[in-house]
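start-v3.txt (compact mmCIF, all heavy atoms)
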# COMPACT_ATOMS: atom_id res chain seq x y z
N MET A 1 -9.61 -15.11 -5.43
CA MET A 1 -10.27 -13.98 -4.81
C MET A 1 -10.80 -13.08 -5.92
O MET A 1 -10.10 -12.78 -6.87
CB MET A 1 -9.27 -13.23 -3.93
CG MET A 1 -9.88 -12.04 -3.26
SD MET A 1 -8.67 -11.02 -2.40
CE MET A 1 -8.75 -11.71 -0.79
N VAL A 2 -12.05 -12.67 -5.81
CA VAL A 2 -12.66 -11.79 -6.80
C VAL A 2 -13.10 -10.52 -6.09
O VAL A 2 -13.76 -10.58 -5.06
CB VAL A 2 -13.87 -12.47 -7.48
CG1 VAL A 2 -14.55 -11.51 -8.43
CG2 VAL A 2 -13.43 -13.73 -8.19
N PHE A 3 -12.71 -9.37 -6.62
CA PHE A 3 -13.09 -8.09 -6.04
C PHE A 3 -14.35 -7.57 -6.72
O PHE A 3 -14.54 -7.78 -7.91
CB PHE A 3 -11.97 -7.06 -6.23
CG PHE A 3 -10.74 -7.39 -5.43
CD1 PHE A 3 -9.64 -7.95 -6.04
CD2 PHE A 3 -10.69 -7.14 -4.07
CE1 PHE A 3 -8.51 -8.26 -5.31
CE2 PHE A 3 -9.57 -7.44 -3.33
CZ PHE A 3 -8.48 -8.00 -3.96
N PRO A 4 -15.22 -6.90 -5.97
CA PRO A 4 -16.42 -6.33 -6.57
C PRO A 4 -16.06 -5.32 -7.67
O PRO A 4 -15.01 -4.69 -7.62
CB PRO A 4 -17.11 -5.61 -5.40
CG PRO A 4 -16.37 -5.98 -4.18
CD PRO A 4 -15.07 -6.60 -4.56
N LYS A 5 -16.93 -5.19 -8.63
CA LYS A 5 -16.80 -4.24 -9.73
C LYS A 5 -15.68 -4.58 -10.72
O LYS A 5 -15.31 -3.77 -11.54
CB LYS A 5 -16.60 -2.81 -9.22
CG LYS A 5 -17.74 -2.29 -8.38
CD LYS A 5 -17.48 -0.87 -7.97
CE LYS A 5 -18.59 -0.34 -7.10
NZ LYS A 5 -18.37 1.03 -6.69
N ILE A 6 -15.12 -5.76 -10.63
CA ILE A 6 -14.13 -6.20 -11.60
C ILE A 6 -14.78 -7.32 -12.42
O ILE A 6 -15.13 -8.36 -11.87
CB ILE A 6 -12.84 -6.71 -10.94
CG1 ILE A 6 -12.19 -5.58 -10.15
CG2 ILE A 6 -11.88 -7.27 -11.99
CD1 ILE A 6 -10.95 -6.00 -9.37
N PRO A 7 -14.97 -7.10 -13.72
CA PRO A 7 -15.63 -8.13 -14.54
C PRO A 7 -14.87 -9.46 -14.51
O PRO A 7 -13.64 -9.48 -14.42
CB PRO A 7 -15.60 -7.54 -15.95
CG PRO A 7 -15.33 -6.09 -15.77
CD PRO A 7 -14.58 -5.94 -14.49
N MET A 8 -15.59 -10.55 -14.58
CA MET A 8 -14.97 -11.87 -14.55
C MET A 8 -14.00 -12.07 -15.71
O MET A 8 -13.04 -12.81 -15.59
CB MET A 8 -16.05 -12.96 -14.58
CG MET A 8 -16.89 -13.01 -13.32
SD MET A 8 -15.96 -13.44 -11.85
CE MET A 8 -15.61 -15.14 -12.18
N ASP A 9 -14.25 -11.41 -16.84
CA ASP A 9 -13.39 -11.60 -18.01
C ASP A 9 -12.27 -10.56 -18.09
O ASP A 9 -11.60 -10.43 -19.11
CB ASP A 9 -14.21 -11.59 -19.29
CG ASP A 9 -14.96 -10.28 -19.50
OD1 ASP A 9 -15.06 -9.48 -18.55
OD2 ASP A 9 -15.46 -10.08 -20.62
N TYR A 10 -12.03 -9.84 -17.01
CA TYR A 10 -10.99 -8.81 -16.96
C TYR A 10 -9.62 -9.43 -17.19
O TYR A 10 -9.27 -10.44 -16.59
CB TYR A 10 -11.01 -8.11 -15.60
CG TYR A 10 -9.84 -7.19 -15.36
CD1 TYR A 10 -9.77 -5.95 -15.99
CD2 TYR A 10 -8.79 -7.56 -14.54
CE1 TYR A 10 -8.68 -5.11 -15.79
CE2 TYR A 10 -7.71 -6.73 -14.32
CZ TYR A 10 -7.66 -5.50 -14.95
OH TYR A 10 -6.59 -4.68 -14.75
N LYS A 11 -8.86 -8.82 -18.09
CA LYS A 11 -7.51 -9.27 -18.36
C LYS A 11 -6.56 -8.13 -18.02
O LYS A 11 -6.59 -7.08 -18.64
CB LYS A 11 -7.37 -9.67 -19.82
CG LYS A 11 -8.14 -10.93 -20.16
CD LYS A 11 -7.94 -11.32 -21.60
CE LYS A 11 -8.62 -12.61 -21.94
NZ LYS A 11 -10.01 -12.69 -21.74
N PRO A 12 -5.70 -8.31 -17.01
CA PRO A 12 -4.79 -7.24 -16.62
C PRO A 12 -3.78 -6.94 -17.73
O PRO A 12 -3.42 -7.81 -18.51
CB PRO A 12 -4.09 -7.78 -15.37
CG PRO A 12 -4.33 -9.24 -15.37
CD PRO A 12 -5.54 -9.50 -16.20
N SER A 13 -3.33 -5.69 -17.75
CA SER A 13 -2.34 -5.29 -18.74
C SER A 13 -0.99 -5.94 -18.42
O SER A 13 -0.76 -6.43 -17.32
CB SER A 13 -2.18 -3.77 -18.73
OG SER A 13 -1.59 -3.36 -17.51
N GLN A 14 -0.10 -5.90 -19.39
CA GLN A 14 1.24 -6.46 -19.18
C GLN A 14 1.96 -5.73 -18.05
O GLN A 14 2.69 -6.34 -17.28
CB GLN A 14 2.06 -6.39 -20.47
CG GLN A 14 3.39 -7.11 -20.36
CD GLN A 14 3.24 -8.60 -20.05
OE1 GLN A 14 2.43 -9.29 -20.65
NE2 GLN A 14 4.00 -9.08 -19.09
N LYS A 15 1.73 -4.42 -17.92
CA LYS A 15 2.35 -3.65 -16.85
C LYS A 15 1.93 -4.19 -15.48
O LYS A 15 2.76 -4.36 -14.58
CB LYS A 15 1.97 -2.18 -16.98
CG LYS A 15 2.61 -1.28 -15.95
CD LYS A 15 2.22 0.18 -16.18
CE LYS A 15 2.83 1.07 -15.12
NZ LYS A 15 2.45 2.46 -15.28
N VAL A 16 0.64 -4.48 -15.33
CA VAL A 16 0.14 -5.03 -14.07
C VAL A 16 0.73 -6.42 -13.84
O VAL A 16 1.18 -6.74 -12.73
CB VAL A 16 -1.39 -5.08 -14.06
CG1 VAL A 16 -1.91 -5.85 -12.86
CG2 VAL A 16 -1.97 -3.68 -14.08
N LEU A 17 0.77 -7.24 -14.86
CA LEU A 17 1.34 -8.57 -14.72
C LEU A 17 2.81 -8.50 -14.32
O LEU A 17 3.27 -9.27 -13.48
CB LEU A 17 1.19 -9.36 -16.02
CG LEU A 17 -0.24 -9.77 -16.39
CD1 LEU A 17 -0.26 -10.40 -17.77
CD2 LEU A 17 -0.83 -10.69 -15.35
N ASP A 18 3.54 -7.57 -14.93
CA ASP A 18 4.95 -7.41 -14.59
C ASP A 18 5.14 -7.02 -13.13
O ASP A 18 6.10 -7.42 -12.49
CB ASP A 18 5.60 -6.36 -15.49
CG ASP A 18 5.74 -6.81 -16.94
OD1 ASP A 18 5.62 -8.03 -17.20
OD2 ASP A 18 5.96 -5.95 -17.80
N MET A 19 4.21 -6.22 -12.59
CA MET A 19 4.30 -5.78 -11.20
C MET A 19 3.89 -6.88 -10.22
O MET A 19 4.35 -6.90 -9.09
CB MET A 19 3.43 -4.55 -10.96
CG MET A 19 3.93 -3.30 -11.61
SD MET A 19 3.01 -1.83 -11.12
CE MET A 19 1.35 -2.21 -11.63
N THR A 20 2.99 -7.78 -10.65
CA THR A 20 2.43 -8.74 -9.71
C THR A 20 2.97 -10.15 -9.85
O THR A 20 2.76 -10.96 -8.96
CB THR A 20 0.89 -8.79 -9.85
OG1 THR A 20 0.58 -9.17 -11.20
CG2 THR A 20 0.26 -7.46 -9.53
N CYS A 21 3.61 -10.44 -10.93
CA CYS A 21 4.08 -11.81 -11.18
C CYS A 21 5.59 -11.91 -10.98
O CYS A 21 6.33 -12.25 -11.87
CB CYS A 21 3.69 -12.26 -12.58
SG CYS A 21 1.91 -12.36 -12.79
N GLY A 22 6.02 -11.61 -9.79
CA GLY A 22 7.44 -11.68 -9.47
C GLY A 22 7.64 -11.39 -7.99
O GLY A 22 6.68 -11.17 -7.25
N PRO A 23 8.87 -11.39 -7.57
CA PRO A 23 9.12 -11.12 -6.15
C PRO A 23 8.81 -9.67 -5.77
O PRO A 23 8.99 -8.76 -6.58
CB PRO A 23 10.61 -11.40 -6.00
CG PRO A 23 11.18 -11.27 -7.36
CD PRO A 23 10.09 -11.62 -8.32
N LEU A 24 8.34 -9.49 -4.56
CA LEU A 24 8.06 -8.15 -4.06
C LEU A 24 9.36 -7.51 -3.58
O LEU A 24 10.26 -8.21 -3.13
CB LEU A 24 7.07 -8.21 -2.89
CG LEU A 24 5.66 -8.68 -3.23
CD1 LEU A 24 4.85 -8.88 -1.95
CD2 LEU A 24 4.97 -7.71 -4.16
N PRO A 25 9.44 -6.18 -3.67
CA PRO A 25 10.63 -5.50 -3.12
C PRO A 25 10.76 -5.79 -1.62
O PRO A 25 9.76 -6.01 -0.93
CB PRO A 25 10.33 -4.02 -3.35
CG PRO A 25 9.27 -3.98 -4.39
CD PRO A 25 8.50 -5.26 -4.26
N LYS A 26 11.97 -5.79 -1.12
CA LYS A 26 12.21 -6.11 0.29
C LYS A 26 11.52 -5.13 1.23
O LYS A 26 11.13 -5.49 2.32
CB LYS A 26 13.70 -6.15 0.58
CG LYS A 26 14.37 -7.33 -0.07
CD LYS A 26 15.83 -7.40 0.26
CE LYS A 26 16.43 -8.60 -0.47
NZ LYS A 26 17.78 -8.89 -0.10
N ASP A 27 11.36 -3.87 0.80
CA ASP A 27 10.74 -2.87 1.67
C ASP A 27 9.22 -2.75 1.44
O ASP A 27 8.60 -1.82 1.93
CB ASP A 27 11.41 -1.51 1.48
CG ASP A 27 11.26 -0.98 0.06
OD1 ASP A 27 10.87 -1.74 -0.86
OD2 ASP A 27 11.53 0.22 -0.15
N PHE A 28 8.61 -3.69 0.73
CA PHE A 28 7.18 -3.65 0.44
C PHE A 28 6.38 -3.92 1.70
O PHE A 28 6.58 -4.93 2.38
CB PHE A 28 6.84 -4.69 -0.63
CG PHE A 28 5.43 -4.61 -1.12
CD1 PHE A 28 5.07 -3.69 -2.09
CD2 PHE A 28 4.44 -5.45 -0.64
CE1 PHE A 28 3.77 -3.60 -2.55
CE2 PHE A 28 3.15 -5.38 -1.09
CZ PHE A 28 2.81 -4.45 -2.05
N ASP A 29 5.46 -3.02 2.04
CA ASP A 29 4.62 -3.15 3.23
C ASP A 29 3.23 -3.63 2.81
O ASP A 29 2.40 -2.84 2.35
CB ASP A 29 4.54 -1.80 3.96
CG ASP A 29 3.79 -1.87 5.27
OD1 ASP A 29 3.06 -2.86 5.51
OD2 ASP A 29 3.94 -0.93 6.06
N VAL A 30 2.98 -4.91 2.96
CA VAL A 30 1.72 -5.52 2.51
C VAL A 30 0.53 -4.87 3.20
O VAL A 30 -0.46 -4.52 2.55
CB VAL A 30 1.72 -7.05 2.74
CG1 VAL A 30 0.37 -7.65 2.41
CG2 VAL A 30 2.81 -7.71 1.93
N ASP A 31 0.59 -4.71 4.51
CA ASP A 31 -0.54 -4.13 5.25
C ASP A 31 -0.85 -2.72 4.77
O ASP A 31 -2.02 -2.36 4.59
CB ASP A 31 -0.25 -4.13 6.75
CG ASP A 31 -0.21 -5.54 7.32
OD1 ASP A 31 -0.95 -6.41 6.81
OD2 ASP A 31 0.57 -5.77 8.26
N LYS A 32 0.17 -1.91 4.55
CA LYS A 32 -0.03 -0.53 4.08
C LYS A 32 -0.68 -0.53 2.70
O LYS A 32 -1.60 0.24 2.43
CB LYS A 32 1.31 0.19 4.03
CG LYS A 32 1.23 1.61 3.54
CD LYS A 32 2.60 2.26 3.52
CE LYS A 32 2.55 3.63 2.88
NZ LYS A 32 3.88 4.22 2.74
N GLU A 33 -0.21 -1.40 1.81
CA GLU A 33 -0.76 -1.46 0.46
C GLU A 33 -2.20 -1.96 0.46
O GLU A 33 -3.03 -1.49 -0.32
CB GLU A 33 0.12 -2.33 -0.44
CG GLU A 33 1.49 -1.74 -0.69
CD GLU A 33 1.45 -0.39 -1.39
OE1 GLU A 33 0.62 -0.19 -2.30
OE2 GLU A 33 2.26 0.48 -1.03
N LEU A 34 -2.52 -2.92 1.33
CA LEU A 34 -3.90 -3.40 1.42
C LEU A 34 -4.83 -2.29 1.90
O LEU A 34 -5.93 -2.12 1.38
CB LEU A 34 -3.98 -4.61 2.35
CG LEU A 34 -3.48 -5.93 1.78
CD1 LEU A 34 -3.42 -6.99 2.87
CD2 LEU A 34 -4.35 -6.38 0.63
N GLU A 35 -4.38 -1.56 2.89
CA GLU A 35 -5.19 -0.45 3.42
C GLU A 35 -5.42 0.59 2.32
O GLU A 35 -6.54 1.07 2.13
CB GLU A 35 -4.48 0.19 4.60
CG GLU A 35 -5.29 1.29 5.26
CD GLU A 35 -4.59 1.86 6.48
OE1 GLU A 35 -3.89 1.12 7.18
OE2 GLU A 35 -4.77 3.06 6.72
N LYS A 36 -4.38 0.92 1.59
CA LYS A 36 -4.48 1.89 0.49
C LYS A 36 -5.45 1.38 -0.59
O LYS A 36 -6.29 2.13 -1.08
CB LYS A 36 -3.10 2.11 -0.11
CG LYS A 36 -3.06 3.08 -1.25
CD LYS A 36 -1.62 3.22 -1.74
CE LYS A 36 -1.53 3.96 -3.03
NZ LYS A 36 -0.16 3.98 -3.57
N MET A 37 -5.36 0.09 -0.91
CA MET A 37 -6.24 -0.50 -1.94
C MET A 37 -7.71 -0.37 -1.52
O MET A 37 -8.55 0.05 -2.31
CB MET A 37 -5.90 -1.97 -2.15
CG MET A 37 -6.83 -2.66 -3.13
SD MET A 37 -6.66 -4.44 -3.15
CE MET A 37 -7.41 -4.88 -1.58
N TRP A 38 -8.02 -0.69 -0.26
CA TRP A 38 -9.41 -0.64 0.18
C TRP A 38 -9.92 0.80 0.26
O TRP A 38 -11.08 1.07 -0.05
CB TRP A 38 -9.59 -1.35 1.51
CG TRP A 38 -9.47 -2.85 1.34
CD1 TRP A 38 -8.51 -3.65 1.88
CD2 TRP A 38 -10.31 -3.70 0.56
NE1 TRP A 38 -8.71 -4.95 1.47
CE2 TRP A 38 -9.82 -5.02 0.68
CE3 TRP A 38 -11.44 -3.49 -0.22
CZ2 TRP A 38 -10.41 -6.11 0.04
CZ3 TRP A 38 -12.03 -4.58 -0.86
CH2 TRP A 38 -11.51 -5.86 -0.73
N GLU A 39 -9.05 1.75 0.61
CA GLU A 39 -9.45 3.15 0.63
C GLU A 39 -9.76 3.63 -0.78
O GLU A 39 -10.75 4.34 -1.00
CB GLU A 39 -8.33 4.01 1.23
CG GLU A 39 -8.19 3.85 2.73
CD GLU A 39 -6.99 4.60 3.30
OE1 GLU A 39 -6.25 5.24 2.53
OE2 GLU A 39 -6.80 4.52 4.53
N GLU A 40 -8.95 3.23 -1.76
CA GLU A 40 -9.20 3.62 -3.15
C GLU A 40 -10.48 3.00 -3.65
O GLU A 40 -11.26 3.63 -4.36
CB GLU A 40 -8.02 3.20 -4.03
CG GLU A 40 -6.78 4.03 -3.78
CD GLU A 40 -5.56 3.50 -4.52
OE1 GLU A 40 -5.63 2.44 -5.16
OE2 GLU A 40 -4.52 4.18 -4.46
N ARG A 41 -10.76 1.76 -3.28
CA ARG A 41 -11.99 1.08 -3.71
C ARG A 41 -13.22 1.78 -3.09
O ARG A 41 -14.27 1.84 -3.72
CB ARG A 41 -11.98 -0.38 -3.31
CG ARG A 41 -10.95 -1.16 -4.04
CD ARG A 41 -11.57 -2.41 -4.62
NE ARG A 41 -10.61 -3.02 -5.49
CZ ARG A 41 -10.72 -2.98 -6.81
NH1 ARG A 41 -11.69 -2.37 -7.38
NH2 ARG A 41 -9.80 -3.55 -7.57
N ALA A 42 -13.09 2.26 -1.88
CA ALA A 42 -14.22 2.91 -1.21
C ALA A 42 -14.58 4.23 -1.89
O ALA A 42 -15.72 4.68 -1.81
CB ALA A 42 -13.89 3.15 0.26
N GLU A 43 -13.62 4.85 -2.56
CA GLU A 43 -13.88 6.13 -3.23
C GLU A 43 -14.66 5.95 -4.52
O GLU A 43 -15.25 6.89 -5.01
CB GLU A 43 -12.54 6.81 -3.56
CG GLU A 43 -11.80 7.28 -2.32
CD GLU A 43 -10.44 7.84 -2.64
OE1 GLU A 43 -10.06 7.91 -3.82
OE2 GLU A 43 -9.72 8.19 -1.68
N CYS A 44 -14.68 4.73 -5.09
CA CYS A 44 -15.36 4.49 -6.38
C CYS A 44 -16.86 4.56 -6.26
O CYS A 44 -17.50 4.30 -5.36
CB CYS A 44 -14.96 3.15 -6.94
SG CYS A 44 -13.23 3.09 -7.39
Would it be possible to restate this file's structure as structure tokens?
Amino acid sequence: MVFPKIPMDYKPSQKVLDMTCGPLPKDFDVDKELEKMWEERAEC
């Protein structure tokens, strides 16, 4: 999946990799986080 405005050669920081390359917390709400992500993208 490729998001608009993110260069193809983008390399995430280690902090981002640490957050995304492992198990999610048990109380993580995927739908809430997706909604928040799209709202933040719309503000750009």
Between CA of Glu35 (chain A) and CA of Lys5 (chain A) - distance in Å to one decimal: 17.9 Å
Please identify all polymer residues within 6 Å of Arg41 (chain A), counting all atoms listed in the file, omitting same-chain residues fewer than 5 positions from it, and present them as a tab-separated table (two decimals) with all heavy atoms, in the coordinates of the input.
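File written: out08.tsv
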chain	number	residue	atom	x	y	z
A	3	PHE	N	-12.71	-9.37	-6.62
A	3	PHE	CA	-13.09	-8.09	-6.04
A	3	PHE	C	-14.35	-7.57	-6.72
A	3	PHE	O	-14.54	-7.78	-7.91
A	3	PHE	CB	-11.97	-7.06	-6.23
A	3	PHE	CG	-10.74	-7.39	-5.43
A	3	PHE	CD1	-9.64	-7.95	-6.04
A	3	PHE	CD2	-10.69	-7.14	-4.07
A	3	PHE	CE1	-8.51	-8.26	-5.31
A	3	PHE	CE2	-9.57	-7.44	-3.33
A	3	PHE	CZ	-8.48	-8.00	-3.96
A	4	PRO	N	-15.22	-6.90	-5.97
A	4	PRO	CA	-16.42	-6.33	-6.57
A	4	PRO	C	-16.06	-5.32	-7.67
A	4	PRO	O	-15.01	-4.69	-7.62
A	4	PRO	CB	-17.11	-5.61	-5.40
A	4	PRO	CG	-16.37	-5.98	-4.18
A	4	PRO	CD	-15.07	-6.60	-4.56
A	5	LYS	N	-16.93	-5.19	-8.63
A	5	LYS	CA	-16.80	-4.24	-9.73
A	5	LYS	C	-15.68	-4.58	-10.72
A	5	LYS	O	-15.31	-3.77	-11.54
A	5	LYS	CB	-16.60	-2.81	-9.22
A	5	LYS	CG	-17.74	-2.29	-8.38
A	5	LYS	CD	-17.48	-0.87	-7.97
A	5	LYS	CE	-18.59	-0.34	-7.10
A	5	LYS	NZ	-18.37	1.03	-6.69
A	6	ILE	N	-15.12	-5.76	-10.63
A	6	ILE	CA	-14.13	-6.20	-11.60
A	6	ILE	C	-14.78	-7.32	-12.42
A	6	ILE	O	-15.13	-8.36	-11.87
A	6	ILE	CB	-12.84	-6.71	-10.94
A	6	ILE	CG1	-12.19	-5.58	-10.15
A	6	ILE	CG2	-11.88	-7.27	-11.99
A	6	ILE	CD1	-10.95	-6.00	-9.37
A	36	LYS	N	-4.38	0.92	1.59
A	36	LYS	CA	-4.48	1.89	0.49
A	36	LYS	C	-5.45	1.38	-0.59
A	36	LYS	O	-6.29	2.13	-1.08
A	36	LYS	CB	-3.10	2.11	-0.11
A	36	LYS	CG	-3.06	3.08	-1.25
A	36	LYS	CD	-1.62	3.22	-1.74
A	36	LYS	CE	-1.53	3.96	-3.03
A	36	LYS	NZ	-0.16	3.98	-3.57
Pairwise distance, CB of Val16 (chain A) with CE1 of Phe28 (chain A), equals 12.7 Å
Which of chain A DSSP labels alpha helix (DSSP H), written as a list in words: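 After running DSSP on the backbone, chain A has alpha helix (DSSP H) at Gln14, Lys15, Val16, Leu17, Asp18, Met19, Thr20, Val30, Asp31, Lys32, Glu33, Leu34, Glu35, Lys36, Met37, Trp38, Glu39, Glu40, Arg41, Ala42 and Glu43 of chain A.
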Would you compute the distance between NZ of Lys32 (chain A) and CE of Met19 (chain A)? Give it in Å to one decimal. 15.9 Å
